[in-house]
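Remarks on the structure that follows.
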Amino acid sequence: MNDDVRNIVLGLIATGLSAGVGWFARTYLWRRALRRKQVFFGLPPGSDCLFVVNRQMGGKESSVHRNDAFALLEVSALIKDCGANVQIVTHDTARQGFGDRAEFCVGGPVSNARTTAHLSSMLPGITVNTDTEQHEDRGAILVGGETYRWRPGLEEHVLLARLTGGEGGRPVFLLSGQTAVSNQAAARYLSRHHTQLARKYGADSFCLVLKVVNSDAYGPDVTELVADVTRPARTPAAAAV
């Protein structure tokens, strides 16, 4: 074997080894990221989870707002990535505990009775104004001494929370917004930022207030993180005074 042939063979071997190492590294990193996603969402491969839908305010009892349906699509992509299965149930038929299966609960307490239960049992420091008549504080979220008001089409807030408890330890993800657009915005924020959220909070509970800016013009696309209200949200209001 002359020097030229030997160099070609060595070059091919080096290229093959480099490609193999690169493939292994990418596969390892992809699998590790997938495992972290599955842990964060409580969705091991083949597991089941609940998606609890609300009813459209002012609509028929069984109707779901278009933007809440879009929120389901955002979350469904995450569930599919984890290799899990989703069961869709309406808020008034989800009469079961939490912790056995991961859960995504969408909608504020006006349109979702299960949200009301989750707020009462796991986020007692949060008060949501559920009045139906028009006034400044209609739909406002009160937590930690701050009031997050609803300015239709201009400024809408939504609670995005990961809550743990109950038997089994699987989390509940609560997306409780002042509007259906804000519910979808929370689902999109969760989809885009779950890696950062998992890195920051791990398997712990958290509760964030997000703000959707000028939804009349931008829909759910322009969303800002306003505050981390985990501590005051989990502290009963009477104890926080």
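By order of appearance in the structure tokens: chains A, B, ..., then residues from 1 within every chain, and ligands from 1 in the order shown.
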- Query: Using only C-alpha atoms, which residues sit within 8 Å of segment 229-231 of chain A once same-chain residues fewer than 2 positions away are excluded, as JSON, numbers by chain?
  - Reply: {"A": [143, 144, 205, 206, 207, 208, 209, 227, 233, 234, 235]}
Take the selection from the previous step and output its residues with all heavy atoms, as a tab-separated table (two decimals), in the first residue's frame.
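Printed below is again16.tsv as written:
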chain	number	residue	atom	x	y	z
A	143	VAL	N	-53.53	38.81	43.21
A	143	VAL	CA	-52.58	37.91	43.87
A	143	VAL	C	-51.38	38.72	44.35
A	143	VAL	O	-50.90	39.61	43.64
A	143	VAL	CB	-52.13	36.77	42.92
A	143	VAL	CG1	-51.54	37.31	41.63
A	143	VAL	CG2	-51.15	35.84	43.62
A	144	GLY	N	-50.92	38.43	45.55
A	144	GLY	CA	-49.75	39.09	46.10
A	144	GLY	C	-49.90	40.59	46.23
A	144	GLY	O	-48.91	41.33	46.13
A	205	SER	N	-43.54	23.06	41.80
A	205	SER	CA	-44.69	23.84	41.34
A	205	SER	C	-44.26	25.28	41.05
A	205	SER	O	-43.31	25.79	41.64
A	205	SER	CB	-45.80	23.83	42.39
A	205	SER	OG	-46.30	22.53	42.61
A	206	PHE	N	-45.00	25.91	40.15
A	206	PHE	CA	-44.79	27.34	39.92
A	206	PHE	C	-46.09	27.95	39.41
A	206	PHE	O	-46.99	27.24	38.95
A	206	PHE	CB	-43.66	27.61	38.91
A	206	PHE	CG	-43.89	27.09	37.52
A	206	PHE	CD1	-44.70	27.78	36.62
A	206	PHE	CD2	-43.30	25.90	37.11
A	206	PHE	CE1	-44.91	27.29	35.34
A	206	PHE	CE2	-43.52	25.41	35.82
A	206	PHE	CZ	-44.31	26.11	34.94
A	207	CYS	N	-46.18	29.26	39.53
A	207	CYS	CA	-47.35	29.99	39.02
A	207	CYS	C	-46.87	31.33	38.47
A	207	CYS	O	-46.24	32.11	39.18
A	207	CYS	CB	-48.38	30.21	40.13
A	207	CYS	SG	-49.90	31.03	39.55
A	208	LEU	N	-47.16	31.57	37.21
A	208	LEU	CA	-46.72	32.79	36.53
A	208	LEU	C	-47.93	33.58	36.05
A	208	LEU	O	-48.98	33.01	35.73
A	208	LEU	CB	-45.85	32.44	35.32
A	208	LEU	CG	-44.69	31.47	35.54
A	208	LEU	CD1	-44.01	31.17	34.20
A	208	LEU	CD2	-43.68	32.03	36.54
A	209	VAL	N	-47.76	34.89	36.01
A	209	VAL	CA	-48.75	35.76	35.37
A	209	VAL	C	-48.15	36.23	34.05
A	209	VAL	O	-47.07	36.82	34.02
A	209	VAL	CB	-49.10	36.98	36.25
A	209	VAL	CG1	-50.08	37.90	35.51
A	209	VAL	CG2	-49.71	36.54	37.58
A	227	ALA	N	-44.97	38.37	36.07
A	227	ALA	CA	-44.53	38.11	37.44
A	227	ALA	C	-44.55	36.62	37.75
A	227	ALA	O	-45.37	35.87	37.21
A	227	ALA	CB	-45.42	38.85	38.43
A	233	ALA	N	-49.30	32.99	45.60
A	233	ALA	CA	-50.43	32.22	45.08
A	233	ALA	C	-50.70	30.99	45.94
A	233	ALA	O	-51.85	30.55	46.07
A	233	ALA	CB	-50.14	31.81	43.64
A	234	ARG	N	-49.66	30.41	46.52
A	234	ARG	CA	-49.82	29.20	47.32
A	234	ARG	C	-50.06	29.49	48.79
A	234	ARG	O	-50.23	28.58	49.59
A	234	ARG	CB	-48.58	28.31	47.15
A	234	ARG	CG	-48.34	27.92	45.70
A	234	ARG	CD	-47.18	26.96	45.57
A	234	ARG	NE	-47.51	25.66	46.12
A	234	ARG	CZ	-46.63	24.66	46.27
A	234	ARG	NH1	-45.36	24.84	45.91
A	234	ARG	NH2	-47.00	23.51	46.77
A	235	THR	N	-50.06	30.77	49.16
A	235	THR	CA	-50.32	31.17	50.53
A	235	THR	C	-51.77	31.64	50.65
A	235	THR	O	-52.17	32.54	49.91
A	235	THR	CB	-49.38	32.32	50.94
A	235	THR	OG1	-48.04	31.93	50.74
A	235	THR	CG2	-49.60	32.70	52.40
Within 12 Å of Gly165 of chain A, counting only C-alpha atoms, which residues qualify if same-chain residues fewer than 3 places away don't, as a short mmCIF file (atom, residue, chain, number, x, y, z; two decimals) with all heavy atoms, in the first residue's frame?
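Printed below is out-v6.cif as written:
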data_model
loop_
_atom_site.label_atom_id
_atom_site.label_comp_id
_atom_site.auth_asym_id
_atom_site.auth_seq_id
_atom_site.Cartn_x
_atom_site.Cartn_y
_atom_site.Cartn_z
N GLY A 97 -59.78 12.92 41.03
CA GLY A 97 -58.67 13.60 41.69
C GLY A 97 -57.57 13.95 40.71
O GLY A 97 -57.72 13.87 39.50
N PHE A 98 -56.43 14.34 41.26
CA PHE A 98 -55.30 14.68 40.40
C PHE A 98 -54.05 14.00 40.96
O PHE A 98 -53.97 13.64 42.13
CB PHE A 98 -55.11 16.20 40.33
CG PHE A 98 -54.99 16.87 41.68
CD1 PHE A 98 -53.75 17.03 42.28
CD2 PHE A 98 -56.11 17.35 42.34
CE1 PHE A 98 -53.63 17.66 43.51
CE2 PHE A 98 -56.01 17.97 43.58
CZ PHE A 98 -54.76 18.12 44.17
N GLY A 99 -53.08 13.83 40.10
CA GLY A 99 -51.83 13.19 40.51
C GLY A 99 -51.60 11.85 39.84
O GLY A 99 -50.45 11.47 39.59
N ASP A 100 -52.68 11.12 39.53
CA ASP A 100 -52.53 9.83 38.86
C ASP A 100 -52.12 10.01 37.40
O ASP A 100 -51.38 9.19 36.85
CB ASP A 100 -53.83 9.03 38.93
CG ASP A 100 -54.10 8.50 40.32
OD1 ASP A 100 -53.13 8.33 41.08
OD2 ASP A 100 -55.27 8.26 40.66
N ARG A 101 -52.64 11.06 36.78
CA ARG A 101 -52.33 11.35 35.38
C ARG A 101 -52.01 12.83 35.26
O ARG A 101 -52.54 13.66 35.99
CB ARG A 101 -53.51 11.00 34.47
CG ARG A 101 -53.79 9.54 34.34
CD ARG A 101 -54.90 9.27 33.34
NE ARG A 101 -56.21 9.64 33.87
CZ ARG A 101 -57.35 9.52 33.19
NH1 ARG A 101 -57.32 9.06 31.94
NH2 ARG A 101 -58.49 9.85 33.73
N ALA A 102 -51.13 13.15 34.32
CA ALA A 102 -50.89 14.56 34.03
C ALA A 102 -52.19 15.17 33.50
O ALA A 102 -53.02 14.50 32.89
CB ALA A 102 -49.77 14.71 33.01
N GLU A 103 -52.33 16.47 33.75
CA GLU A 103 -53.57 17.15 33.36
C GLU A 103 -53.25 18.54 32.83
O GLU A 103 -52.40 19.25 33.36
CB GLU A 103 -54.51 17.25 34.56
CG GLU A 103 -55.79 18.03 34.30
CD GLU A 103 -56.66 18.18 35.54
OE1 GLU A 103 -56.59 17.30 36.43
OE2 GLU A 103 -57.38 19.19 35.62
N HIS A 118 -59.16 23.81 41.32
CA HIS A 118 -57.70 23.85 41.42
C HIS A 118 -57.22 25.12 42.11
O HIS A 118 -56.30 25.09 42.93
CB HIS A 118 -57.08 23.76 40.03
CG HIS A 118 -57.20 22.40 39.39
ND1 HIS A 118 -57.20 21.23 40.13
CD2 HIS A 118 -57.31 22.03 38.08
CE1 HIS A 118 -57.30 20.20 39.30
NE2 HIS A 118 -57.36 20.66 38.07
N SER A 121 -57.97 24.75 45.94
CA SER A 121 -57.22 23.75 46.70
C SER A 121 -55.71 23.93 46.61
O SER A 121 -54.99 23.62 47.57
CB SER A 121 -57.58 22.34 46.22
OG SER A 121 -57.28 22.17 44.84
N MET A 122 -55.20 24.45 45.46
CA MET A 122 -53.75 24.51 45.28
C MET A 122 -53.18 25.91 45.13
O MET A 122 -51.98 26.12 45.31
CB MET A 122 -53.36 23.65 44.07
CG MET A 122 -53.58 22.16 44.29
SD MET A 122 -52.97 21.14 42.92
CE MET A 122 -54.28 21.37 41.71
N LEU A 123 -54.04 26.88 44.83
CA LEU A 123 -53.59 28.27 44.70
C LEU A 123 -54.54 29.19 45.48
O LEU A 123 -55.20 30.07 44.91
CB LEU A 123 -53.52 28.68 43.23
CG LEU A 123 -52.52 27.93 42.35
CD1 LEU A 123 -52.71 28.31 40.87
CD2 LEU A 123 -51.09 28.19 42.79
N ARG A 162 -47.81 25.20 37.02
CA ARG A 162 -47.53 23.77 37.11
C ARG A 162 -47.71 23.39 38.57
O ARG A 162 -47.00 23.91 39.44
CB ARG A 162 -46.11 23.43 36.65
CG ARG A 162 -45.78 21.94 36.71
CD ARG A 162 -44.31 21.70 36.41
NE ARG A 162 -43.99 20.30 36.19
CZ ARG A 162 -43.70 19.44 37.16
NH1 ARG A 162 -43.68 19.84 38.44
NH2 ARG A 162 -43.42 18.17 36.87
N GLY A 168 -49.57 9.78 43.13
CA GLY A 168 -48.98 9.59 41.82
C GLY A 168 -48.00 10.68 41.43
O GLY A 168 -47.07 10.45 40.69
N GLY A 169 -48.22 11.89 41.95
CA GLY A 169 -47.28 12.97 41.72
C GLY A 169 -47.24 13.56 40.33
O GLY A 169 -46.34 14.35 40.02
N ARG A 170 -48.19 13.19 39.46
CA ARG A 170 -48.19 13.77 38.11
C ARG A 170 -48.72 15.21 38.20
O ARG A 170 -49.64 15.50 38.97
CB ARG A 170 -49.05 12.94 37.16
CG ARG A 170 -48.57 11.51 36.98
CD ARG A 170 -47.35 11.43 36.07
NE ARG A 170 -46.80 10.09 36.01
CZ ARG A 170 -47.27 9.12 35.24
NH1 ARG A 170 -48.33 9.34 34.47
NH2 ARG A 170 -46.70 7.93 35.24
N PRO A 171 -48.18 16.12 37.39
CA PRO A 171 -48.55 17.54 37.53
C PRO A 171 -49.86 17.91 36.85
O PRO A 171 -50.33 17.24 35.92
CB PRO A 171 -47.37 18.24 36.85
CG PRO A 171 -46.92 17.27 35.80
CD PRO A 171 -47.11 15.91 36.40
N VAL A 172 -50.43 19.00 37.33
CA VAL A 172 -51.54 19.68 36.66
C VAL A 172 -50.98 20.97 36.07
O VAL A 172 -50.34 21.75 36.78
CB VAL A 172 -52.67 20.01 37.65
CG1 VAL A 172 -53.73 20.89 36.97
CG2 VAL A 172 -53.30 18.75 38.20
N PHE A 173 -51.23 21.19 34.79
CA PHE A 173 -50.87 22.46 34.16
C PHE A 173 -52.15 23.26 34.01
O PHE A 173 -53.09 22.83 33.33
CB PHE A 173 -50.20 22.22 32.81
CG PHE A 173 -48.79 21.72 32.92
CD1 PHE A 173 -48.55 20.35 32.98
CD2 PHE A 173 -47.72 22.59 32.99
CE1 PHE A 173 -47.25 19.87 33.11
CE2 PHE A 173 -46.42 22.12 33.11
CZ PHE A 173 -46.18 20.77 33.17
N ALA A 203 -38.92 19.86 39.00
CA ALA A 203 -40.19 19.18 39.25
C ALA A 203 -41.06 19.94 40.25
O ALA A 203 -42.08 19.42 40.70
CB ALA A 203 -39.93 17.76 39.76
N ASP A 204 -40.68 21.16 40.60
CA ASP A 204 -41.43 21.94 41.58
C ASP A 204 -42.63 22.63 40.94
O ASP A 204 -42.69 22.81 39.72
CB ASP A 204 -40.52 23.00 42.23
CG ASP A 204 -39.40 22.38 43.04
OD1 ASP A 204 -39.60 21.24 43.54
OD2 ASP A 204 -38.35 23.02 43.18
N SER A 205 -43.54 23.06 41.80
CA SER A 205 -44.69 23.84 41.34
C SER A 205 -44.26 25.28 41.05
O SER A 205 -43.31 25.79 41.64
CB SER A 205 -45.80 23.83 42.39
OG SER A 205 -46.30 22.53 42.61
#
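Among A:Ser120, A:Thr179, A:Thr164, A:Asn214, the residue with the shortest atom-to-atom distance to Phe40 of chain A, counting only C-alpha atoms, is A:Thr164.
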- Using only C-alpha atoms, which of A:Lys37, A:Lys200, A:His157, A:Arg66 sits nearest Ser182 of chain A? A:His157
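With only C-alpha atoms as the atoms that count, the residue of A:Leu50, A:Val106, A:Glu224, A:Gly177 with the shortest distance to Val128 of chain A is A:Gly177.
Counting only C-alpha atoms and comparing A:Glu146, A:Asp221, A:Asp92, A:Asp48, the residue that lies closest to Tyr189 of chain A is A:Asp221.
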- Message: Show me, as a PyMOL selection string, the residues that have an atom within 10 Å of Ser215 of chain A when counting only C-alpha atoms, minus same-chain residues fewer than 6 positions from it.
- Response: chain A and resi 152-156+181-182+185+221-223
- Message: Taking only segment 14-211 of chain A into account, list the residues labelled helix (DSSP H, G or I) by DSSP (computed from the backbone), as a VMD selection string.
- Response: chain A and resid 14 to 41 66 to 81 113 to 122 180 to 201
- Note on the structure: Counting only C-alpha atoms, closest pick from A:Leu160, A:Val226, A:Ile79, A:Ala180 relative to Thr147 of chain A is A:Val226
- Using DSSP on the backbone coordinates, identify all residues within segment 37-176 of chain A classified as strand (DSSP E); present the result as number ranges by chain. A: 48-53, 85-90, 102-106, 127-128, 141-143, 146-148, 155-163, 172-176
Could you save those same residues with N, CA and C atoms as an mmCIF file, in the first residue's frame?
data_model
loop_
_atom_site.group_PDB
_atom_site.id
_atom_site.type_symbol
_atom_site.label_atom_id
_atom_site.label_comp_id
_atom_site.auth_asym_id
_atom_site.auth_seq_id
_atom_site.Cartn_x
_atom_site.Cartn_y
_atom_site.Cartn_z
ATOM 1 N N ASP A 48 -51.138 8.152 29.872
ATOM 2 C CA ASP A 48 -52.346 8.891 29.513
ATOM 3 C C ASP A 48 -52.381 10.210 30.272
ATOM 4 N N CYS A 49 -52.999 11.215 29.677
ATOM 5 C CA CYS A 49 -53.189 12.486 30.365
ATOM 6 C C CYS A 49 -54.561 13.040 30.032
ATOM 7 N N LEU A 50 -54.998 13.989 30.832
ATOM 8 C CA LEU A 50 -56.290 14.624 30.634
ATOM 9 C C LEU A 50 -56.108 16.017 30.053
ATOM 10 N N PHE A 51 -56.984 16.361 29.137
ATOM 11 C CA PHE A 51 -57.097 17.752 28.681
ATOM 12 C C PHE A 51 -58.516 18.174 29.032
ATOM 13 N N VAL A 52 -58.633 19.076 30.015
ATOM 14 C CA VAL A 52 -59.946 19.498 30.498
ATOM 15 C C VAL A 52 -60.340 20.790 29.797
ATOM 16 N N VAL A 53 -61.380 20.720 28.976
ATOM 17 C CA VAL A 53 -61.815 21.887 28.216
ATOM 18 C C VAL A 53 -62.938 22.599 28.950
ATOM 19 N N ASN A 85 -50.647 9.699 25.463
ATOM 20 C CA ASN A 85 -51.991 9.746 24.884
ATOM 21 C C ASN A 85 -52.837 10.753 25.652
ATOM 22 N N VAL A 86 -53.753 11.405 24.945
ATOM 23 C CA VAL A 86 -54.586 12.427 25.579
ATOM 24 C C VAL A 86 -56.046 12.018 25.552
ATOM 25 N N GLN A 87 -56.707 12.274 26.671
ATOM 26 C CA GLN A 87 -58.152 12.078 26.770
ATOM 27 C C GLN A 87 -58.773 13.453 27.013
ATOM 28 N N ILE A 88 -59.694 13.860 26.143
ATOM 29 C CA ILE A 88 -60.331 15.164 26.262
ATOM 30 C C ILE A 88 -61.645 15.011 27.022
ATOM 31 N N VAL A 89 -61.792 15.797 28.085
ATOM 32 C CA VAL A 89 -63.016 15.755 28.887
ATOM 33 C C VAL A 89 -63.484 17.180 29.129
ATOM 34 N N THR A 90 -64.780 17.364 29.277
ATOM 35 C CA THR A 90 -65.320 18.676 29.603
ATOM 36 C C THR A 90 -65.186 18.931 31.096
ATOM 37 N N ALA A 102 -51.131 13.150 34.317
ATOM 38 C CA ALA A 102 -50.894 14.560 34.026
ATOM 39 C C ALA A 102 -52.186 15.174 33.497
ATOM 40 N N GLU A 103 -52.334 16.468 33.751
ATOM 41 C CA GLU A 103 -53.572 17.146 33.362
ATOM 42 C C GLU A 103 -53.254 18.537 32.828
ATOM 43 N N PHE A 104 -53.970 18.923 31.775
ATOM 44 C CA PHE A 104 -53.918 20.274 31.239
ATOM 45 C C PHE A 104 -55.331 20.831 31.357
ATOM 46 N N CYS A 105 -55.481 21.858 32.169
ATOM 47 C CA CYS A 105 -56.803 22.420 32.443
ATOM 48 C C CYS A 105 -56.837 23.840 31.881
ATOM 49 N N VAL A 106 -57.756 24.080 30.947
ATOM 50 C CA VAL A 106 -57.770 25.340 30.208
ATOM 51 C C VAL A 106 -59.047 26.118 30.491
ATOM 52 N N THR A 127 -57.327 35.336 43.801
ATOM 53 C CA THR A 127 -58.753 35.655 43.681
ATOM 54 C C THR A 127 -59.022 36.161 42.276
ATOM 55 N N VAL A 128 -60.046 35.626 41.637
ATOM 56 C CA VAL A 128 -60.440 36.061 40.303
ATOM 57 C C VAL A 128 -61.847 36.636 40.367
ATOM 58 N N ILE A 141 -57.490 39.574 38.087
ATOM 59 C CA ILE A 141 -56.795 38.566 38.881
ATOM 60 C C ILE A 141 -56.070 39.284 40.010
ATOM 61 N N LEU A 142 -56.339 38.895 41.247
ATOM 62 C CA LEU A 142 -55.717 39.508 42.415
ATOM 63 C C LEU A 142 -54.818 38.487 43.097
ATOM 64 N N VAL A 143 -53.530 38.811 43.213
ATOM 65 C CA VAL A 143 -52.583 37.912 43.873
ATOM 66 C C VAL A 143 -51.383 38.719 44.345
ATOM 67 N N GLU A 146 -51.310 42.558 44.167
ATOM 68 C CA GLU A 146 -51.388 43.192 42.857
ATOM 69 C C GLU A 146 -52.694 42.791 42.160
ATOM 70 N N THR A 147 -53.237 43.722 41.413
ATOM 71 C CA THR A 147 -54.450 43.464 40.641
ATOM 72 C C THR A 147 -54.111 43.529 39.153
ATOM 73 N N TYR A 148 -54.380 42.441 38.457
ATOM 74 C CA TYR A 148 -54.107 42.361 37.022
ATOM 75 C C TYR A 148 -55.441 42.464 36.291
ATOM 76 N N GLU A 155 -55.026 44.484 26.712
ATOM 77 C CA GLU A 155 -54.188 43.909 27.766
ATOM 78 C C GLU A 155 -54.985 42.811 28.479
ATOM 79 N N GLU A 156 -54.553 41.587 28.302
ATOM 80 C CA GLU A 156 -55.251 40.441 28.890
ATOM 81 C C GLU A 156 -54.240 39.576 29.626
ATOM 82 N N HIS A 157 -54.610 39.093 30.794
ATOM 83 C CA HIS A 157 -53.693 38.321 31.625
ATOM 84 C C HIS A 157 -54.136 36.860 31.714
ATOM 85 N N VAL A 158 -53.166 36.025 31.998
ATOM 86 C CA VAL A 158 -53.446 34.594 32.133
ATOM 87 C C VAL A 158 -52.478 33.998 33.148
ATOM 88 N N LEU A 159 -52.992 33.102 33.959
ATOM 89 C CA LEU A 159 -52.168 32.345 34.897
ATOM 90 C C LEU A 159 -51.679 31.077 34.222
ATOM 91 N N LEU A 160 -50.378 30.856 34.265
ATOM 92 C CA LEU A 160 -49.789 29.610 33.792
ATOM 93 C C LEU A 160 -49.122 28.954 34.990
ATOM 94 N N ALA A 161 -49.632 27.795 35.393
ATOM 95 C CA ALA A 161 -49.122 27.151 36.600
ATOM 96 C C ALA A 161 -48.847 25.677 36.369
ATOM 97 N N ARG A 162 -47.811 25.203 37.022
ATOM 98 C CA ARG A 162 -47.532 23.766 37.113
ATOM 99 C C ARG A 162 -47.707 23.394 38.570
ATOM 100 N N LEU A 163 -48.653 22.504 38.857
ATOM 101 C CA LEU A 163 -49.029 22.181 40.223
ATOM 102 C C LEU A 163 -48.854 20.692 40.469
ATOM 103 N N VAL A 172 -50.425 18.998 37.326
ATOM 104 C CA VAL A 172 -51.535 19.680 36.660
ATOM 105 C C VAL A 172 -50.985 20.970 36.074
ATOM 106 N N PHE A 173 -51.225 21.185 34.793
ATOM 107 C CA PHE A 173 -50.871 22.456 34.160
ATOM 108 C C PHE A 173 -52.154 23.260 34.010
ATOM 109 N N LEU A 174 -52.167 24.404 34.664
ATOM 110 C CA LEU A 174 -53.358 25.260 34.666
ATOM 111 C C LEU A 174 -53.113 26.462 33.765
ATOM 112 N N LEU A 175 -54.017 26.669 32.814
ATOM 113 C CA LEU A 175 -53.950 27.799 31.899
ATOM 114 C C LEU A 175 -55.252 28.573 32.063
ATOM 115 N N SER A 176 -55.241 29.504 32.999
ATOM 116 C CA SER A 176 -56.456 30.195 33.404
ATOM 117 C C SER A 176 -56.371 31.649 32.992
#
- Query: Which polymer residues have any atom within 12 Å of an atom of Arg35 of chain A, counting only C-alpha atoms, with same-chain residues fewer than 6 positions away left out, as a list of chain:residue names?
  - Reply: A:Tyr28, A:Leu29, A:Phe41, A:Gly42, A:Leu43, A:Pro44, A:Pro45, A:Asp81, A:Cys82, A:Gly83, A:Thr195, A:Ala198
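Atom CA of Val212 of chain A lies 18.4 Å from atom CA of Asn129 of chain A.
Distance check against Gln178 of chain A using only C-alpha atoms: of A:His65, A:Arg36, A:Arg31, A:Arg149, the minimum falls on A:Arg149.
Between atom CA of Ala187 of chain A and atom CA of Leu210 of chain A the interatomic distance comes to 11.1 Å.
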